[in-house]
Structures are given as structure tokens and as C-alpha cells.
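Chemist: Sharing start34.txt, compact mmCIF, C-alpha atoms:
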```
# COMPACT_ATOMS: atom_id res chain seq x y z
CA SER A 1 -0.70 -34.32 -2.88
CA PHE A 2 2.10 -34.03 -0.41
CA ALA A 3 5.73 -34.75 0.37
CA LEU A 4 6.99 -34.64 3.95
CA TRP A 5 3.46 -33.96 5.14
CA PRO A 6 2.42 -31.56 6.73
CA PHE A 7 5.32 -29.36 5.58
CA VAL A 8 5.23 -29.71 1.78
CA TRP A 9 1.92 -30.05 -0.02
CA TRP A 10 0.04 -28.89 -3.10
CA GLN A 11 -3.64 -28.86 -3.88
CA THR A 12 -5.96 -28.16 -6.80
CA ALA A 13 -9.61 -27.34 -6.12
CA ALA A 14 -12.17 -26.87 -8.89
CA ARG A 15 -15.09 -24.54 -8.32
CA ALA A 16 -17.92 -23.47 -10.62
CA ASP A 17 -16.07 -20.56 -12.22
CA ARG A 18 -12.47 -20.96 -10.94
CA VAL A 19 -9.73 -23.48 -10.35
CA GLN A 20 -7.55 -22.82 -7.32
CA HIS A 21 -3.94 -24.05 -7.17
CA ARG A 22 -2.01 -24.01 -3.86
CA PHE A 23 1.56 -24.93 -3.00
CA GLN A 24 3.08 -24.71 0.47
CA VAL A 25 6.39 -25.42 2.15
CA ALA A 26 5.29 -24.64 5.70
CA PRO A 27 5.83 -22.08 7.06
CA PHE A 28 8.32 -20.55 4.62
CA LEU A 29 6.65 -20.57 1.21
CA PHE A 30 3.01 -20.28 0.24
CA ALA A 31 1.69 -19.74 -3.29
CA GLN A 32 -1.91 -19.66 -4.42
CA ARG A 33 -3.45 -18.73 -7.75
CA GLU A 34 -6.96 -18.85 -9.06
CA VAL A 35 -7.61 -19.39 -12.76
CA SER A 36 -10.90 -18.59 -14.46
CA THR A 37 -12.47 -21.65 -16.10
CA SER A 38 -14.01 -19.56 -18.89
CA ASN A 39 -10.89 -17.88 -20.33
CA GLN A 40 -7.99 -19.60 -18.47
CA GLN A 41 -6.64 -16.28 -17.14
CA VAL A 42 -5.25 -15.85 -13.63
CA VAL A 43 -7.83 -13.81 -11.68
CA ALA A 44 -6.20 -13.90 -8.22
CA ARG A 45 -2.75 -14.58 -6.83
CA TYR A 46 -1.19 -14.69 -3.37
CA ASN A 47 2.50 -15.37 -2.69
CA ARG A 48 4.33 -15.28 0.62
CA VAL A 49 7.95 -15.99 1.49
CA TRP A 50 8.02 -15.94 5.26
CA PRO A 51 9.30 -13.70 6.88
CA LEU A 52 10.42 -11.58 3.91
CA TYR A 53 7.36 -10.50 1.92
CA SER A 54 3.82 -11.15 0.76
CA TYR A 55 2.12 -10.21 -2.50
CA ARG A 56 -1.61 -10.35 -3.18
CA ARG A 57 -3.44 -9.50 -6.41
CA GLU A 58 -7.11 -9.85 -7.17
CA GLY A 59 -8.50 -8.17 -10.26
CA PRO A 60 -7.22 -4.56 -10.48
CA GLU A 61 -6.12 -4.52 -6.82
CA SER A 62 -2.68 -5.57 -5.58
CA ARG A 63 -0.68 -5.28 -2.36
CA LEU A 64 3.02 -5.88 -1.68
CA ARG A 65 4.32 -5.88 1.88
CA THR A 66 7.64 -6.55 3.55
CA LEU A 67 8.30 -7.80 6.29
CA GLU A 68 5.61 -10.47 6.67
CA LEU A 69 6.05 -11.96 10.13
CA TRP A 70 2.74 -13.82 10.43
CA PRO A 71 3.63 -17.40 9.37
CA PHE A 72 0.09 -18.55 8.57
CA ALA A 73 -2.44 -17.79 5.85
CA GLN A 74 -4.08 -14.37 5.64
CA ASN A 75 -6.13 -13.44 8.69
CA GLY A 76 -8.26 -10.29 8.80
CA ALA A 77 -7.65 -9.57 12.48
CA VAL A 78 -3.87 -9.92 12.14
CA GLU A 79 -3.88 -7.78 8.97
CA ARG A 80 -5.72 -4.95 10.74
CA ASN A 81 -4.18 -5.05 14.19
CA TRP A 82 -0.67 -6.51 14.07
CA ALA A 83 0.74 -6.35 10.53
CA PRO A 84 1.28 -2.55 10.61
CA LEU A 85 3.73 -3.03 13.50
CA TRP A 86 6.21 -5.07 11.48
CA THR A 87 5.58 -3.71 7.98
CA LEU A 88 8.63 -1.80 6.76
CA TYR A 89 7.42 -1.24 3.18
CA SER A 90 3.98 -1.53 1.65
CA ARG A 91 2.50 -0.71 -1.74
CA HIS A 92 -1.22 -0.90 -2.43
CA ARG A 93 -2.53 -0.43 -5.96
CA LEU A 94 -6.12 -0.16 -7.13
CA GLY A 95 -6.21 0.81 -10.79
CA ALA A 96 -4.47 4.20 -11.12
CA HIS A 97 -4.42 4.72 -7.33
CA VAL A 98 -1.09 3.75 -5.76
CA ASP A 99 -0.27 4.16 -2.05
CA THR A 100 3.33 3.59 -0.94
CA GLU A 101 4.51 3.70 2.66
CA VAL A 102 8.01 3.14 4.07
CA LEU A 103 9.06 2.82 7.73
CA TRP A 104 5.64 3.20 9.39
CA GLY A 105 4.71 6.30 7.42
CA LEU A 106 7.97 8.24 7.62
CA TYR A 107 7.84 8.30 3.82
CA ARG A 108 4.43 8.30 2.15
CA ASP A 109 3.38 8.66 -1.46
CA LEU A 110 -0.36 8.73 -2.21
CA ASN A 111 -1.00 8.87 -5.95
CA ARG A 112 -4.50 9.15 -7.41
CA GLY A 113 -3.45 9.53 -11.03
CA ALA A 114 -3.94 12.99 -12.52
CA ASP A 115 -6.42 14.05 -9.79
CA TYR A 116 -4.33 13.97 -6.60
CA ARG A 117 -0.79 13.35 -5.34
CA HIS A 118 0.61 13.70 -1.82
CA VAL A 119 4.25 13.00 -0.91
CA SER A 120 5.66 13.40 2.58
CA LEU A 121 8.92 12.72 4.38
CA PHE A 122 7.84 13.16 7.98
CA PRO A 123 8.45 15.64 9.60
CA PHE A 124 10.70 17.42 7.12
CA TYR A 125 8.74 17.91 3.91
CA GLU A 126 5.32 17.40 2.38
CA GLN A 127 3.85 18.28 -0.97
CA THR A 128 0.27 18.01 -2.26
CA ARG A 129 -1.11 18.53 -5.76
CA ARG A 130 -4.79 18.49 -6.72
CA ALA A 131 -6.24 18.82 -10.21
CA GLU A 132 -9.20 20.87 -8.98
CA GLY A 133 -8.39 24.52 -8.97
CA PRO A 134 -5.54 23.59 -9.93
CA ARG A 135 -4.25 23.47 -6.38
CA ALA A 136 -0.75 22.72 -5.05
CA SER A 137 1.01 23.17 -1.72
CA TRP A 138 4.25 22.29 0.01
CA SER A 139 5.68 22.82 3.48
CA VAL A 140 8.94 22.29 5.31
CA LEU A 141 8.94 21.09 8.93
CA LYS A 142 5.12 20.89 9.04
CA GLY A 143 4.64 24.62 8.36
CA LEU A 144 7.86 26.38 9.29
CA VAL A 145 7.89 27.51 5.66
CA GLY A 146 5.10 26.70 3.24
CA ARG A 147 3.40 27.74 0.04
CA GLU A 148 -0.10 27.14 -1.28
CA ARG A 149 -1.26 27.92 -4.81
CA VAL A 150 -4.83 27.88 -6.09
CA GLY A 151 -5.04 28.86 -9.75
CA SER A 152 -3.01 32.08 -10.03
CA HIS A 153 -3.34 32.98 -6.31
CA VAL A 154 -0.48 32.24 -3.92
CA ARG A 155 -0.29 32.21 -0.12
CA TRP A 156 2.95 31.83 1.84
CA ARG A 157 3.23 30.61 5.43
CA LEU A 158 6.17 31.37 7.70
CA LEU A 159 6.88 30.30 11.29
CA TYR A 160 3.72 28.15 11.41
CA PHE A 161 1.20 30.99 11.75
CA LEU A 162 2.28 34.03 9.68
CA THR A 163 0.59 34.07 6.27
CA PHE A 164 1.25 36.33 3.31
CA GLY A 165 -0.86 36.49 0.20
CA CYS A 166 -4.50 35.77 -0.38
CA ILE A 167 -6.59 32.93 -1.73
CA PRO A 168 -10.21 33.96 -2.38
CA GLU A 169 -12.89 32.10 -0.39
CA ASP A 170 -14.78 31.00 -3.51
CA GLU A 171 -11.79 28.99 -4.74
CA PRO A 172 -12.06 25.22 -4.08
```
Produce C-alpha cells that represent the structure in this file.
Modeler:
Amino acid sequence: SFALWPFVWWQTAARADRVQHRFQVAPFLFAQREVSTSNQQVVARYNRVWPLYSYRREGPESRLRTLELWPFAQNGAVERNWAPLWTLYSRHRLGAHVDTEVLWGLYRDLNRGADYRHVSLFPFYEQTRRAEGPRASWSVLKGLVGRERVGSHVRWRLLYFLTFGCIPEDEP
């Protein structure tokens, strides 16, 4: 169906295991959702308000991105090559793994649940925590001052190359 074609239109397409619903006000608004025919639950969703944001979810994976300057439907080549240039904020989630990036990586938060976490504010501060060991480290100005801990062993770093303390080689 449509109104003011080709600018406003909506479509429903039935497939063997899913029903896909689309609505578009070109190029500003695009919404798509896929509903499972067996249990009537939404299994995939994609929303875009151009040029402000896009949101995609499929199963346990989701991605939110702002700005979204590409006015057309998702395109793999544009996603890989051009979208990083205009993306100011992105959040990608896959189960317990959440990656957040602001301003082209100036702020980054990589969270892998209880196993791993890395936070950085480039170039001022970064902190990493791993469950194995347990292991944790932080540094200021990419190593001007830093500390690494593995279990009960601690090593300090000063002026990028001076180290104090010892971490045994057999530690992970």
C-alpha cells in the first residue's frame, strides 16, 4: 500500500517462517520488523530516522548508531567503509558482550561480562580487567604512569619504560 508514492508506503510480506512488515517515509523514516509465524514474537527489527539514528536487532544481537547519514536501506559496503566516518556514538550488543564507542573511539567501553572489561578515554586513561589470573591494569597518558596486577603480584610503570615490581612468567 502507499500514499504519496514513492515517498510513503508500507508492505507486508509472508514467508515460510516469518512475516515481514515495512513502513517508509522516504528518506526520513524506515521501520521494518519480522514476526515469527510459529509463536508471533518479533525476531528482527530495524528502525532508522534519517539522519539521526539507526537501530537494528536480530535475535540476541543489537546495534544502535547515531548519526546515520546514509539515506537508503542497509548496505554492507557503506556499513564497512563509510559509516565509521560519520558515526558519533555506537553501541553493539551480543548477549552479555557490549561494545560502546563515542567520537570515533575517543571513549571506548568493551564489556565481556564477568570475563573482560576495557575502558579508555584516549589518550588520557585506560583500564583493563580480566577474570583470568585475576588480572587488572590501568595507565595514564598511554604509560606515563601505570599499574598492572596479576593475582597478588603488582608491577608499576613510570615514564613509559621504567618498571618496578615483578610479575612471574608463569602467570597468565
Chemist: Which one is closest to A:Arg117: A:Glu132, A:Leu4, A:Leu103, A:Tyr55? Count only C-alpha atoms.
Modeler: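 The closest residue to A:Arg117 is A:Glu132.
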Chemist: Using only C-alpha atoms, pick whichever of A:His97, A:Arg56, A:Arg129, A:Arg108 has the shortest atom-to-atom distance to A:Arg147.
Modeler: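 Closest candidate: A:Arg129.
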Chemist: Within 12 Å of (-6.0, 23.4, -9.6) (coordinates as in the file), grab all the protein and nucleic acid residues, counting all atoms listed in the file, and write them out as a list in words.
Modeler: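 Here the neighbourhood of the point contains Ala114, Asp115, Tyr116, Thr128, Arg129, Arg130, Ala131, Glu132, Gly133, Pro134, Arg135, Ala136, Ser137, Glu148, Arg149, Val150, Gly151, Ser152, His153, Val154, Glu171 and Pro172 of chain A.
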Chemist: If you measure from atom CA of A:Leu94 to atom CA of A:Leu29, what distance in Å do you get, rounded to one decimal?
Modeler: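 Computing the Euclidean distance for atom CA of A:Leu94 and atom CA of A:Leu29 yields 25.5 Å.
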Chemist: Provide the atom CA of A:Glu34 to atom CA of A:Arg80 distance in Å, to one decimal place.
Modeler: 24.2 Å
Chemist: Mind giving me the straight-line distance from atom CA of A:Tyr89 to atom CA of A:Pro123 in Å, one decimal?
Modeler: 18.1 Å
Chemist: First collect every listed atom of stretch 87-105 of chain A; then fit an axis-aligned box around them, widen it by 5 Å on each side, and give centre and edge lengths in Å to one decimal, as JSON.
Modeler:
```
{"center_x": 1.4, "center_y": 1.3, "center_z": -0.9, "size_x": 25.3, "size_y": 20.0, "size_z": 30.5}
```
Chemist: Might you pull out every residue within 6 Å of A:Phe23, with all atoms listed in the file counted and same-chain residues fewer than 3 positions away left off, and present them as number ranges by chain?
Modeler: A: 9-10, 30-31
Chemist: May I have the residues at most 12 Å from (11.6, 22.8, 4.7) in the file's coordinates, counting all atoms listed in the file, as JSON, numbers by chain?
Modeler: {"A": [120, 121, 122, 123, 124, 125, 126, 127, 138, 139, 140, 141, 142, 143, 144, 145, 146, 147, 157, 158, 159, 160]}
